[in-house]
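Data file: my_file12.cif. Format and content: mmCIF, C-alpha atoms and all ligand atoms.
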```
data_query
#
loop_
_atom_site.label_atom_id
_atom_site.label_comp_id
_atom_site.auth_asym_id
_atom_site.auth_seq_id
_atom_site.Cartn_x
_atom_site.Cartn_y
_atom_site.Cartn_z
CA MET A 1 -6.25 10.06 21.60
CA THR A 2 -4.14 6.95 22.18
CA ASP A 3 -5.77 4.32 24.35
CA PRO A 4 -2.95 1.99 25.41
CA ALA A 5 -5.45 -0.72 26.24
CA LYS A 6 -6.56 -1.04 22.59
CA ARG A 7 -5.60 -4.19 20.71
CA VAL A 8 -5.02 -3.98 16.96
CA LEU A 9 -4.87 -6.67 14.31
CA VAL A 10 -2.74 -5.65 11.32
CA ALA A 11 -3.58 -7.65 8.17
CA GLY A 12 -1.03 -7.03 5.43
CA ALA A 13 1.80 -6.93 7.98
CA THR A 14 4.42 -8.37 5.61
CA GLY A 15 3.63 -5.73 2.98
CA TYR A 16 5.38 -2.39 2.46
CA LEU A 17 2.75 -0.28 4.24
CA GLY A 18 1.71 -2.98 6.73
CA LYS A 19 5.21 -3.19 8.27
CA PHE A 20 5.24 0.56 8.91
CA VAL A 21 1.70 0.36 10.32
CA VAL A 22 2.71 -2.36 12.81
CA GLU A 23 5.64 -0.13 13.83
CA ALA A 24 3.43 2.98 14.15
CA PHE A 25 0.69 1.34 16.26
CA LYS A 26 3.37 -0.12 18.58
CA GLN A 27 5.14 3.23 18.91
CA ARG A 28 1.81 4.84 19.78
CA GLY A 29 1.23 2.43 22.68
CA TYR A 30 -1.18 -0.12 21.18
CA TRP A 31 -1.07 -3.90 21.64
CA VAL A 32 -0.44 -5.29 18.14
CA ARG A 33 -1.14 -8.66 16.53
CA ALA A 34 0.36 -9.13 13.05
CA LEU A 35 -1.32 -11.50 10.59
CA THR A 36 1.19 -13.14 8.29
CA ARG A 37 1.41 -16.18 6.08
CA ASP A 38 5.20 -16.25 6.52
CA ALA A 39 6.65 -15.37 9.95
CA ASP A 40 10.21 -15.33 8.57
CA ARG A 41 9.31 -12.67 6.03
CA LEU A 42 7.70 -10.60 8.80
CA ARG A 43 10.96 -10.67 10.78
CA GLU A 44 13.05 -9.61 7.77
CA PRO A 45 13.25 -6.02 6.48
CA GLY A 46 10.90 -5.53 3.54
CA PRO A 47 11.74 -3.96 0.19
CA PHE A 48 12.50 -0.24 -0.01
CA THR A 49 13.36 -0.02 3.72
CA ALA A 50 10.12 -1.36 5.17
CA PRO A 51 11.15 -2.36 8.71
CA ALA A 52 11.80 -5.83 10.10
CA ILE A 53 9.11 -6.81 12.60
CA ASP A 54 11.05 -8.76 15.21
CA GLU A 55 9.76 -10.01 18.57
CA ALA A 56 10.17 -6.62 20.25
CA ALA A 57 8.25 -4.87 17.50
CA VAL A 58 4.99 -6.81 17.87
CA ASP A 59 3.00 -8.43 20.67
CA ASP A 60 1.62 -11.42 18.81
CA VAL A 61 2.29 -13.04 15.45
CA PHE A 62 -0.63 -14.96 13.98
CA VAL A 63 0.36 -17.26 11.14
CA GLY A 64 -2.63 -17.88 8.92
CA GLU A 65 -3.70 -17.98 5.29
CA LEU A 66 -6.60 -15.63 4.58
CA THR A 67 -7.57 -17.77 1.59
CA ASP A 68 -8.09 -20.73 3.97
CA PRO A 69 -10.57 -19.98 6.80
CA SER A 70 -9.57 -23.18 8.64
CA THR A 71 -6.26 -21.45 9.52
CA LEU A 72 -7.91 -18.37 11.04
CA ASP A 73 -9.41 -19.65 14.32
CA GLY A 74 -8.76 -17.10 17.09
CA LEU A 75 -7.58 -14.38 14.71
CA MET A 76 -10.06 -11.81 16.06
CA GLU A 77 -9.86 -12.89 19.70
CA ASP A 78 -9.77 -9.82 22.01
CA ILE A 79 -9.20 -7.46 19.06
CA ASP A 80 -10.61 -3.91 19.19
CA ILE A 81 -9.38 -2.56 15.84
CA VAL A 82 -8.72 -4.35 12.55
CA PHE A 83 -6.40 -2.61 10.09
CA SER A 84 -6.08 -4.02 6.57
CA SER A 85 -3.71 -3.18 3.74
CA ILE A 86 -4.27 -6.56 2.10
CA GLY A 87 -4.19 -6.13 -1.65
CA ILE A 88 -2.27 -6.89 -4.81
CA SER A 89 0.45 -4.37 -5.56
CA ARG A 90 2.76 -6.82 -7.30
CA GLN A 91 1.33 -9.94 -8.90
CA ARG A 92 2.71 -12.96 -7.01
CA ASP A 93 -0.02 -15.53 -6.53
CA GLY A 94 -1.78 -15.56 -9.90
CA LEU A 95 -4.96 -14.37 -8.18
CA THR A 96 -7.26 -11.56 -9.34
CA PHE A 97 -7.97 -8.24 -7.61
CA GLU A 98 -11.44 -9.64 -6.93
CA GLN A 99 -10.00 -12.75 -5.24
CA VAL A 100 -7.51 -10.80 -3.07
CA ASP A 101 -8.51 -7.15 -2.63
CA TYR A 102 -12.23 -7.88 -2.40
CA GLU A 103 -12.70 -11.45 -1.20
CA LEU A 104 -9.97 -11.50 1.46
CA ASN A 105 -11.00 -8.13 2.89
CA ARG A 106 -14.67 -9.14 2.81
CA ARG A 107 -13.70 -12.22 4.82
CA LEU A 108 -11.92 -10.00 7.36
CA ILE A 109 -14.97 -7.71 7.61
CA GLU A 110 -17.29 -10.68 8.19
CA MET A 111 -14.97 -12.01 10.89
CA ALA A 112 -14.72 -8.56 12.50
CA VAL A 113 -18.53 -8.24 12.58
CA ALA A 114 -18.92 -11.74 14.05
CA ALA A 115 -16.30 -10.95 16.72
CA ASP A 116 -17.92 -7.61 17.58
CA VAL A 117 -14.76 -5.69 16.76
CA GLU A 118 -14.97 -1.96 17.50
CA GLN A 119 -13.38 -0.46 14.38
CA PHE A 120 -12.12 -1.46 10.92
CA VAL A 121 -9.51 0.66 9.10
CA TYR A 122 -9.07 -0.08 5.39
CA VAL A 123 -6.57 1.24 2.87
CA SER A 124 -8.11 2.03 -0.51
CA MET A 125 -6.68 4.58 -2.95
CA GLN A 126 -6.78 8.31 -3.68
CA GLY A 127 -8.87 9.42 -6.65
CA ALA A 128 -10.97 6.25 -6.98
CA GLU A 129 -13.86 8.34 -8.29
CA LYS A 130 -11.91 9.67 -11.30
CA PRO A 131 -13.49 8.42 -14.54
CA GLU A 132 -10.05 7.37 -15.88
CA ILE A 133 -9.58 4.80 -13.10
CA ALA A 134 -13.05 4.18 -11.65
CA GLU A 135 -13.66 1.18 -13.91
CA LEU A 136 -10.23 -0.46 -13.53
CA ALA A 137 -10.28 -3.83 -11.77
CA ILE A 138 -8.18 -2.63 -8.81
CA THR A 139 -10.41 0.41 -8.19
CA VAL A 140 -13.66 -1.53 -8.54
CA GLN A 141 -12.55 -4.13 -5.99
CA HIS A 142 -11.18 -1.55 -3.50
CA GLU A 143 -14.49 0.31 -3.66
CA ARG A 144 -16.51 -2.90 -3.23
CA VAL A 145 -14.64 -3.33 0.08
CA VAL A 146 -15.51 0.27 1.02
CA ALA A 147 -19.20 -0.47 0.24
CA GLU A 148 -19.06 -3.65 2.38
CA LEU A 149 -17.63 -1.62 5.26
CA GLU A 150 -20.29 1.07 4.92
CA ALA A 151 -22.99 -1.63 5.09
CA SER A 152 -21.31 -3.64 7.87
CA GLY A 153 -22.46 -1.60 10.85
CA LEU A 154 -18.81 -1.42 11.98
CA ASP A 155 -17.25 1.89 12.92
CA TYR A 156 -14.98 2.17 9.88
CA ARG A 157 -12.24 4.44 8.53
CA ILE A 158 -10.99 4.56 4.93
CA VAL A 159 -7.47 5.77 4.17
CA ARG A 160 -7.04 6.97 0.57
CA PRO A 161 -3.32 7.42 -0.12
CA CYS A 162 -1.47 8.60 -3.20
CA GLY A 163 1.55 6.63 -4.45
CA TYR A 164 4.04 5.18 -1.95
CA PHE A 165 7.78 5.78 -1.84
CA SER A 166 8.15 2.03 -2.52
CA ASP A 167 7.18 2.80 -6.11
CA MET A 168 9.56 5.81 -6.17
CA GLY A 169 12.41 3.54 -5.01
CA ALA A 170 12.20 1.86 -8.40
CA LEU A 171 13.21 5.20 -10.00
CA LEU A 172 16.43 5.24 -7.97
CA THR A 173 17.11 1.61 -8.86
CA MET A 174 16.74 2.47 -12.57
CA ALA A 175 18.89 5.61 -12.23
CA LYS A 176 21.65 3.52 -10.61
CA LYS A 177 21.55 1.29 -13.69
CA GLY A 178 21.90 4.42 -15.85
CA ARG A 179 18.47 4.75 -17.49
CA SER A 180 14.92 5.43 -16.38
CA LEU A 181 11.84 4.29 -18.18
CA LEU A 182 8.60 6.25 -17.78
CA VAL A 183 5.14 5.40 -19.02
CA GLY A 184 3.58 8.40 -20.79
CA ASP A 185 5.48 11.67 -21.18
CA GLY A 186 6.10 11.98 -17.43
CA SER A 187 4.13 15.22 -17.06
CA ASN A 188 1.51 13.78 -14.69
CA ARG A 189 1.66 15.28 -11.19
CA MET A 190 1.88 13.26 -8.03
CA SER A 191 2.48 13.60 -4.29
CA PRO A 192 3.99 10.31 -3.11
CA ILE A 193 4.44 9.49 0.56
CA HIS A 194 6.90 7.56 2.72
CA GLY A 195 5.47 4.39 4.30
CA ARG A 196 6.69 5.50 7.73
CA ASP A 197 4.77 8.81 7.47
CA LEU A 198 1.71 7.00 6.11
CA GLY A 199 1.87 4.40 8.90
CA HIS A 200 1.49 7.14 11.51
CA ILE A 201 -1.23 8.85 9.46
CA CYS A 202 -3.16 5.53 9.43
CA VAL A 203 -3.04 5.58 13.25
CA ASP A 204 -4.19 9.24 13.21
CA VAL A 205 -7.11 8.24 10.95
CA ALA A 206 -8.04 5.38 13.33
CA GLU A 207 -8.03 7.84 16.21
CA GLY A 208 -9.83 10.64 14.33
CA ASP A 209 -13.46 11.28 13.48
CA ASP A 210 -13.24 11.53 9.67
CA LEU A 211 -14.57 8.37 8.02
CA GLU A 212 -12.54 8.83 4.81
CA VAL A 213 -9.19 10.59 4.56
CA GLU A 214 -7.19 11.32 1.39
CA VAL A 215 -3.44 11.40 1.96
CA GLY A 216 -0.64 12.87 -0.13
CA GLY A 217 3.02 13.31 0.67
CA PRO A 218 4.60 16.69 1.52
CA GLU A 219 5.56 17.68 -2.07
CA VAL A 220 3.94 17.74 -5.50
CA MET A 221 6.11 16.81 -8.49
CA THR A 222 5.77 15.39 -11.97
CA GLN A 223 6.80 11.82 -12.69
CA ARG A 224 9.67 13.19 -14.80
CA GLU A 225 10.88 15.48 -11.99
CA ALA A 226 10.97 12.48 -9.64
CA ALA A 227 13.01 10.50 -12.19
CA GLU A 228 15.41 13.46 -12.66
CA LEU A 229 15.76 13.82 -8.89
CA ALA A 230 16.99 10.22 -8.65
CA PHE A 231 19.79 10.97 -11.16
CA ASP A 232 20.61 14.25 -9.38
CA VAL A 233 21.00 12.51 -6.01
CA LEU A 234 23.37 10.00 -7.63
CA GLY A 235 25.30 12.84 -9.34
CA LYS A 236 24.48 11.41 -12.78
CA LYS A 237 23.20 13.02 -15.98
CA PRO A 238 19.55 12.01 -16.46
CA LYS A 239 18.82 9.48 -19.21
CA ILE A 240 15.06 9.13 -19.35
CA HIS A 241 13.14 7.14 -21.93
CA VAL A 242 9.41 7.15 -22.31
CA ILE A 243 6.99 4.48 -23.46
CA PRO A 244 4.27 6.49 -25.23
CA LEU A 245 0.78 5.77 -23.98
CA TRP A 246 -0.34 4.29 -27.30
CA ALA A 247 2.53 1.78 -27.17
CA ALA A 248 1.95 1.03 -23.49
CA GLY A 249 -1.72 0.37 -24.28
CA GLY A 250 -0.61 -2.15 -26.92
CA LEU A 251 1.69 -3.83 -24.39
CA VAL A 252 -1.21 -4.14 -21.92
CA LYS A 253 -3.29 -5.89 -24.59
CA GLY A 254 -0.39 -8.29 -25.23
CA VAL A 255 0.08 -8.99 -21.52
CA ARG A 256 -3.66 -9.56 -21.14
CA LEU A 257 -3.58 -12.23 -23.85
CA LEU A 258 -1.04 -14.11 -21.71
CA SER A 259 -2.64 -13.46 -18.30
CA ASN A 260 -5.74 -11.52 -17.34
CA GLN A 261 -4.37 -10.96 -13.82
CA PHE A 262 -1.11 -9.41 -15.06
CA GLY A 263 -3.14 -7.49 -17.66
CA ASP A 264 -5.23 -5.84 -14.92
CA LEU A 265 -2.11 -4.80 -13.02
CA ALA A 266 -0.33 -3.58 -16.18
CA GLU A 267 -3.40 -1.55 -17.16
CA PHE A 268 -3.41 0.16 -13.77
CA ILE A 269 0.32 0.99 -14.03
CA VAL A 270 -0.19 2.49 -17.49
CA VAL A 271 -3.23 4.56 -16.48
CA ALA A 272 -1.44 5.74 -13.32
CA GLY A 273 1.34 7.02 -15.60
CA GLU A 274 -1.21 9.20 -17.36
CA ILE A 275 -3.26 10.86 -14.62
CA ASP A 276 -2.46 13.13 -11.69
CA GLY A 277 -2.34 11.57 -8.21
CA VAL A 278 -2.16 14.44 -5.75
CA GLY A 279 -3.62 14.43 -2.25
CA PRO A 280 -3.68 16.78 0.73
CA PRO A 281 -0.07 17.40 1.82
CA LEU A 282 0.72 15.25 4.87
CA GLY A 283 3.88 13.54 6.07
CA THR A 284 7.31 15.16 6.35
CA THR A 285 9.84 13.02 4.50
CA THR A 286 10.84 14.52 1.16
CA LEU A 287 11.67 12.36 -1.81
CA ARG A 288 15.18 13.85 -1.94
CA THR A 289 15.85 12.82 1.66
CA TYR A 290 14.54 9.33 0.92
CA PHE A 291 16.64 8.97 -2.27
CA GLU A 292 19.75 10.27 -0.45
CA ARG A 293 19.29 7.71 2.32
CA LEU A 294 18.58 4.91 -0.17
CA ALA A 295 21.67 5.88 -2.17
CA ALA A 296 23.72 5.70 1.06
CA ASP A 297 22.24 2.23 1.77
CA ASP A 298 20.70 3.52 5.00
CA PRO A 299 18.50 0.59 6.13
CA HIS A 300 16.20 3.05 7.94
CA ALA A 301 15.76 5.34 4.92
N1 LIG B 1 1.68 1.27 -3.76
C1 LIG B 1 0.99 2.38 -3.87
O1 LIG B 1 1.47 3.37 -4.39
C2 LIG B 1 -0.44 2.43 -3.35
C3 LIG B 1 -1.15 3.64 -3.38
C4 LIG B 1 -2.46 3.68 -2.86
C5 LIG B 1 -3.02 2.52 -2.34
N2 LIG B 1 -2.31 1.36 -2.31
C6 LIG B 1 -2.93 0.15 -1.71
O2 LIG B 1 -2.31 -0.08 -0.46
C7 LIG B 1 -2.40 -1.47 -0.16
C8 LIG B 1 -1.06 -1.93 0.39
O3 LIG B 1 -0.04 -1.67 -0.54
P1 LIG B 1 1.45 -2.20 -0.27
O4 LIG B 1 2.35 -1.46 -1.19
O5 LIG B 1 1.73 -2.25 1.17
O6 LIG B 1 1.28 -3.69 -0.86
P2 LIG B 1 2.20 -4.96 -0.58
O7 LIG B 1 3.52 -4.58 -0.08
O8 LIG B 1 2.15 -5.82 -1.80
O9 LIG B 1 1.39 -5.70 0.60
C9 LIG B 1 0.15 -6.28 0.32
C10 LIG B 1 -0.25 -7.21 1.45
O10 LIG B 1 -1.34 -8.03 0.97
C11 LIG B 1 -1.02 -9.40 1.20
N3 LIG B 1 -1.53 -10.30 0.18
C12 LIG B 1 -1.45 -10.15 -1.16
N4 LIG B 1 -1.95 -11.25 -1.76
C13 LIG B 1 -2.34 -12.10 -0.76
C14 LIG B 1 -2.91 -13.40 -0.74
N5 LIG B 1 -3.19 -14.08 -1.86
N6 LIG B 1 -3.17 -13.98 0.45
C15 LIG B 1 -2.89 -13.32 1.60
N7 LIG B 1 -2.32 -12.09 1.65
C16 LIG B 1 -2.07 -11.50 0.47
C17 LIG B 1 0.49 -9.47 1.19
O11 LIG B 1 0.90 -10.64 1.88
P3 LIG B 1 2.32 -11.31 1.51
O12 LIG B 1 3.37 -10.33 1.95
O13 LIG B 1 2.30 -12.58 2.26
O14 LIG B 1 2.30 -11.50 0.01
C18 LIG B 1 0.86 -8.17 1.89
O15 LIG B 1 0.82 -8.35 3.28
C19 LIG B 1 -2.86 -2.17 -1.43
O16 LIG B 1 -4.22 -2.50 -1.31
C20 LIG B 1 -2.69 -1.11 -2.51
O17 LIG B 1 -3.63 -1.24 -3.56
C21 LIG B 1 -1.04 1.30 -2.80
#
```
Mind converting the file's structure to C-alpha cells?
Ligand SMILES: NC(=O)c1ccc[n+]([C@@H]2O[C@H](COP(=O)([O-])OP(=O)(O)OC[C@H]3O[C@@H](n4cnc5c(N)ncnc54)[C@H](OP(=O)(O)O)[C@@H]3O)[C@@H](O)[C@H]2O)c1
Amino acid sequence: MTDPAKRVLVAGATGYLGKFVVEAFKQRGYWVRALTRDADRLREPGPFTAPAIDEAAVDDVFVGELTDPSTLDGLMEDIDIVFSSIGISRQRDGLTFEQVDYELNRRLIEMAVAADVEQFVYVSMQGAEKPEIAELAITVQHERVVAELEASGLDYRIVRPCGYFSDMGALLTMAKKGRSLLVGDGSNRMSPIHGRDLGHICVDVAEGDDLEVEVGGPEVMTQREAAELAFDVLGKKPKIHVIPLWAAGGLVKGVRLLSNQFGDLAEFIVVAGEIDGVGPPLGTTTLRTYFERLAADDPHA
C-alpha cells in the first residue's frame, strides 16, 4: 500500500531502469531523491526512451560520486527506502564489476544501516543460480550484494529481472541498418521487459512482502524471433547473421587480452546469448508495441 509520506532515494537514477523507477515512485505518491553524478544527464531523456527527469519529476537531486564518500554527506538524510540499480551494463569507466556492482552497493548498504533506513531494494538478475552464469563476474558481484543485504539487518527486497527492452532496442537499430547480428544460433528463449513496466514492478516489490521477486516481460520469444520482429515492424526482409558460440568464445579471449573489464562484460553477453532467460510473466508492453513506437520515433515508446 502506498504511503505518501515515504521518502525514497533512487541510486542509478541516470540509468535506463533508474529513470523509470524515479518516474514510478513519483507517480505512486512517494517523495523521491535522485542520486546522480551528472544532473544534466538526469534531466535529458536516456537511451531507448528512458524518460527525462526534470524538476517536476523529482523532489530532490543529489549530485554525488559514489566512488568518493566525501561527496555523499547528507545523502541518506530523512530517507525511508533506498532503491539501487547501480551496476555496469555498458563499460564506461574502466572499472570492474567488483568495483561498481559490489563496492558501490556495499557502500550504499553501509550508509543505509548507519542512517537507520527502513528498507533497501536492490536489482540483481534472473537466473543467477544457473551453473552457466553463476561463476561469471557480474553474477558473483550481484550475489555478493544480495548476501550483504541478507546480513545487514535491513528490511530488504531483491528484484530479479530478465533482459530489458533497452537491449532489445539494439535489435531495431540493427534492423534499420539492414542486418542483425546474433550471438549463438538465436534459439535461446527470453522474456524481456519494458523499463516502464519494470519500474512499477520495483515499486510493487518494495510495497510487497516477498523478499525476492523474479520478473519477466509479458511474452516469451527466442532471440531470433525478436530479431525477426524488428524487421517485420520495419516492413523489411530479415537479414540475420550469427556469430557461432565457438567464435564468440574466441573473441571474448581476445577482448580479455586487451582489457579484463571488457572481457568480463563480453563473456556475459556471449553466455546470455546461449541460455534461456525467462521469468514469471509480468508487465503489459509487448515487444511489437515497443518496436512500433521506436520505429515511429515516439519519445515515450
Ligand atoms: N540490462 C538488462 O537486461 C538487465 C537485466 C537484469 C538485470 N540488470 C541489472 O540492472 C541494473 C541496472 O541496469 P540498467 O540497464 O539500468 O543499467 P544502466 O543504464 O547502465 O545504469 C546503471 C547505473 O549505474 C551507475 N553507475 C555505473 N557505473 C558507475 C560508477 N562508476 N559510479 C557511479 N555510478 C555508476 C550509472 O551511472 P551513470 O549513468 O552516471 O553512468 C547508472 O545510473 C544493473 O545492475 C544490471 O546488471 C540488467
Problem set entry | For CA of Gly277 (chain A) and CA of Lys253 (chain A), the interatomic separation in Å (one decimal) |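 Between CA of Gly277 (chain A) and CA of Lys253 (chain A) the gap works out to 24.0 Å.
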Problem set entry | Point-to-point distance from CA of Gly74 (chain A) to atom P1 of ligand LIG 1 (chain B), Å rounded to tenths |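 Pair CA of Gly74 (chain A) / atom P1 of ligand LIG 1 (chain B) returns 25.1 Å.
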For Val203 (chain A), list every protein, DNA or RNA residue within 9 Å, evaluated using all atoms listed in the file, and leave out those in the same chain fewer than 6 positions away; present the list as a short mmCIF file (atom, residue, chain, number, x, y, z; two decimals) with C-alpha atoms, in the coordinates of the input.
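That gives us result.cif:
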```cif
data_model
loop_
_atom_site.label_atom_id
_atom_site.label_comp_id
_atom_site.auth_asym_id
_atom_site.auth_seq_id
_atom_site.Cartn_x
_atom_site.Cartn_y
_atom_site.Cartn_z
CA VAL A 21 1.70 0.36 10.32
CA ALA A 24 3.43 2.98 14.15
CA PHE A 25 0.69 1.34 16.26
CA ARG A 28 1.81 4.84 19.78
#
```
Exercise. For the atom pair CA of Ala175 (chain A) and CA of Phe231 (chain A), what is the interatomic distance in Å to one decimal place?
Worked result: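 Separating CA of Ala175 (chain A) from CA of Phe231 (chain A) is a distance of 5.5 Å.
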Could you list, as a PDB file with C-alpha atoms, in the frame of the given file, all residues that come within 8 Å of ligand LIG 1 (chain B)? Count all atoms listed in the file.
```
ATOM      1  CA  ALA A  11      -3.580  -7.650   8.170  1.00  0.00           C
ATOM      2  CA  GLY A  12      -1.030  -7.030   5.430  1.00  0.00           C
ATOM      3  CA  ALA A  13       1.800  -6.930   7.980  1.00  0.00           C
ATOM      4  CA  THR A  14       4.420  -8.370   5.610  1.00  0.00           C
ATOM      5  CA  GLY A  15       3.630  -5.730   2.980  1.00  0.00           C
ATOM      6  CA  TYR A  16       5.380  -2.390   2.460  1.00  0.00           C
ATOM      7  CA  LEU A  17       2.750  -0.280   4.240  1.00  0.00           C
ATOM      8  CA  GLY A  18       1.710  -2.980   6.730  1.00  0.00           C
ATOM      9  CA  LYS A  19       5.210  -3.190   8.270  1.00  0.00           C
ATOM     10  CA  THR A  36       1.190 -13.140   8.290  1.00  0.00           C
ATOM     11  CA  ARG A  37       1.410 -16.180   6.080  1.00  0.00           C
ATOM     12  CA  ASP A  38       5.200 -16.250   6.520  1.00  0.00           C
ATOM     13  CA  ARG A  41       9.310 -12.670   6.030  1.00  0.00           C
ATOM     14  CA  GLU A  65      -3.700 -17.980   5.290  1.00  0.00           C
ATOM     15  CA  LEU A  66      -6.600 -15.630   4.580  1.00  0.00           C
ATOM     16  CA  THR A  67      -7.570 -17.770   1.590  1.00  0.00           C
ATOM     17  CA  SER A  85      -3.710  -3.180   3.740  1.00  0.00           C
ATOM     18  CA  ILE A  86      -4.270  -6.560   2.100  1.00  0.00           C
ATOM     19  CA  GLY A  87      -4.190  -6.130  -1.650  1.00  0.00           C
ATOM     20  CA  ILE A  88      -2.270  -6.890  -4.810  1.00  0.00           C
ATOM     21  CA  SER A  89       0.450  -4.370  -5.560  1.00  0.00           C
ATOM     22  CA  ARG A  90       2.760  -6.820  -7.300  1.00  0.00           C
ATOM     23  CA  GLN A  91       1.330  -9.940  -8.900  1.00  0.00           C
ATOM     24  CA  ARG A  92       2.710 -12.960  -7.010  1.00  0.00           C
ATOM     25  CA  ASP A  93      -0.020 -15.530  -6.530  1.00  0.00           C
ATOM     26  CA  LEU A  95      -4.960 -14.370  -8.180  1.00  0.00           C
ATOM     27  CA  GLN A  99     -10.000 -12.750  -5.240  1.00  0.00           C
ATOM     28  CA  VAL A 100      -7.510 -10.800  -3.070  1.00  0.00           C
ATOM     29  CA  ASP A 101      -8.510  -7.150  -2.630  1.00  0.00           C
ATOM     30  CA  LEU A 104      -9.970 -11.500   1.460  1.00  0.00           C
ATOM     31  CA  VAL A 123      -6.570   1.240   2.870  1.00  0.00           C
ATOM     32  CA  SER A 124      -8.110   2.030  -0.510  1.00  0.00           C
ATOM     33  CA  MET A 125      -6.680   4.580  -2.950  1.00  0.00           C
ATOM     34  CA  GLN A 126      -6.780   8.310  -3.680  1.00  0.00           C
ATOM     35  CA  ILE A 138      -8.180  -2.630  -8.810  1.00  0.00           C
ATOM     36  CA  HIS A 142     -11.180  -1.550  -3.500  1.00  0.00           C
ATOM     37  CA  ARG A 160      -7.040   6.970   0.570  1.00  0.00           C
ATOM     38  CA  PRO A 161      -3.320   7.420  -0.120  1.00  0.00           C
ATOM     39  CA  CYS A 162      -1.470   8.600  -3.200  1.00  0.00           C
ATOM     40  CA  GLY A 163       1.550   6.630  -4.450  1.00  0.00           C
ATOM     41  CA  TYR A 164       4.040   5.180  -1.950  1.00  0.00           C
ATOM     42  CA  PHE A 165       7.780   5.780  -1.840  1.00  0.00           C
ATOM     43  CA  SER A 166       8.150   2.030  -2.520  1.00  0.00           C
ATOM     44  CA  ASP A 167       7.180   2.800  -6.110  1.00  0.00           C
ATOM     45  CA  PRO A 192       3.990  10.310  -3.110  1.00  0.00           C
TER      46      PRO A 192
END
```
Exercise. Mind listing as a count of residues only all residues within 12 Å of (-14.5, 12.3, 7.0), counting all atoms listed in the file?
Worked result: 14
Listed atoms of region 253-268 of chain A boxed along x, y and z, 6 Å each side, centre and edge lengths in Å, one decimal, as AutoDock Vina command-line options:
```
--center_x -2.8 --center_y -7.0 --center_z -19.1 --size_x 17.8 --size_y 26.3 --size_z 24.2
```
Exercise. What's the 12 Å shell around Asp298 (chain A), counting all atoms listed in the file, without same-chain residues fewer than 6 positions away, as a list in words?
Worked result: Phe48, Thr49, Ala50, Pro51, Thr289, Tyr290, Phe291 and Glu292 of chain A
Which neighbours of Met190 (chain A) fall inside 7 Å, counting only C-alpha atoms, when residues of the same chain fewer than 6 positions from it are skipped, and could you give them as a compact mmCIF listing (two decimals) with C-alpha atoms, keeping the file's coordinate frame?
```txt
# COMPACT_ATOMS: atom_id res chain seq x y z
CA VAL A 220 3.94 17.74 -5.50
CA MET A 221 6.11 16.81 -8.49
CA THR A 222 5.77 15.39 -11.97
CA GLN A 223 6.80 11.82 -12.69
CA ASP A 276 -2.46 13.13 -11.69
CA GLY A 277 -2.34 11.57 -8.21
CA VAL A 278 -2.16 14.44 -5.75
```
For this session: For each of A:Cys202, A:Leu287, A:Met168, A:Ala227, take the minimum atom-to-atom distance to Pro47 (chain A), counting all atoms listed in the file, then give the residue where this is smallest.
Result: A:Met168
Could you complete region 83-96 of chain A so that it carries N, CA and C atoms, and give it back as a PDB file, in the frame of the given file?
```pdb
ATOM      1  N   PHE A  83      -6.956  -3.438  11.162  1.00  0.00           N
ATOM      2  CA  PHE A  83      -6.400  -2.610  10.090  1.00  0.00           C
ATOM      3  C   PHE A  83      -6.085  -3.543   8.933  1.00  0.00           C
ATOM      4  N   SER A  84      -6.456  -3.173   7.715  1.00  0.00           N
ATOM      5  CA  SER A  84      -6.080  -4.020   6.570  1.00  0.00           C
ATOM      6  C   SER A  84      -5.499  -3.233   5.413  1.00  0.00           C
ATOM      7  N   SER A  85      -4.294  -3.653   5.009  1.00  0.00           N
ATOM      8  CA  SER A  85      -3.710  -3.180   3.740  1.00  0.00           C
ATOM      9  C   SER A  85      -3.466  -4.390   2.847  1.00  0.00           C
ATOM     10  N   ILE A  86      -4.345  -5.386   2.982  1.00  0.00           N
ATOM     11  CA  ILE A  86      -4.270  -6.560   2.100  1.00  0.00           C
ATOM     12  C   ILE A  86      -4.678  -6.142   0.700  1.00  0.00           C
ATOM     13  N   GLY A  87      -3.860  -6.464  -0.256  1.00  0.00           N
ATOM     14  CA  GLY A  87      -4.190  -6.130  -1.650  1.00  0.00           C
ATOM     15  C   GLY A  87      -3.048  -6.549  -2.551  1.00  0.00           C
ATOM     16  N   ILE A  88      -3.318  -6.547  -3.847  1.00  0.00           N
ATOM     17  CA  ILE A  88      -2.270  -6.890  -4.810  1.00  0.00           C
ATOM     18  C   ILE A  88      -1.580  -5.615  -5.252  1.00  0.00           C
ATOM     19  N   SER A  89      -0.273  -5.502  -4.988  1.00  0.00           N
ATOM     20  CA  SER A  89       0.450  -4.370  -5.560  1.00  0.00           C
ATOM     21  C   SER A  89       1.498  -4.883  -6.547  1.00  0.00           C
ATOM     22  N   ARG A  90       1.921  -6.124  -6.320  1.00  0.00           N
ATOM     23  CA  ARG A  90       2.760  -6.820  -7.300  1.00  0.00           C
ATOM     24  C   ARG A  90       2.133  -8.187  -7.461  1.00  0.00           C
ATOM     25  N   GLN A  91       2.005  -8.661  -8.695  1.00  0.00           N
ATOM     26  CA  GLN A  91       1.330  -9.940  -8.900  1.00  0.00           C
ATOM     27  C   GLN A  91       2.268 -11.086  -8.509  1.00  0.00           C
ATOM     28  N   ARG A  92       1.862 -11.874  -7.496  1.00  0.00           N
ATOM     29  CA  ARG A  92       2.710 -12.960  -7.010  1.00  0.00           C
ATOM     30  C   ARG A  92       1.997 -14.309  -7.035  1.00  0.00           C
ATOM     31  N   ASP A  93       0.678 -14.270  -6.773  1.00  0.00           N
ATOM     32  CA  ASP A  93      -0.020 -15.530  -6.530  1.00  0.00           C
ATOM     33  C   ASP A  93      -0.874 -15.986  -7.708  1.00  0.00           C
ATOM     34  N   GLY A  94      -0.917 -15.190  -8.776  1.00  0.00           N
ATOM     35  CA  GLY A  94      -1.780 -15.560  -9.900  1.00  0.00           C
ATOM     36  C   GLY A  94      -3.252 -15.393  -9.582  1.00  0.00           C
ATOM     37  N   LEU A  95      -3.564 -14.609  -8.538  1.00  0.00           N
ATOM     38  CA  LEU A  95      -4.960 -14.370  -8.180  1.00  0.00           C
ATOM     39  C   LEU A  95      -5.408 -13.007  -8.730  1.00  0.00           C
ATOM     40  N   THR A  96      -6.735 -12.823  -8.810  1.00  0.00           N
ATOM     41  CA  THR A  96      -7.260 -11.560  -9.340  1.00  0.00           C
ATOM     42  C   THR A  96      -7.441 -10.543  -8.220  1.00  0.00           C
TER      43      THR A  96
END
```
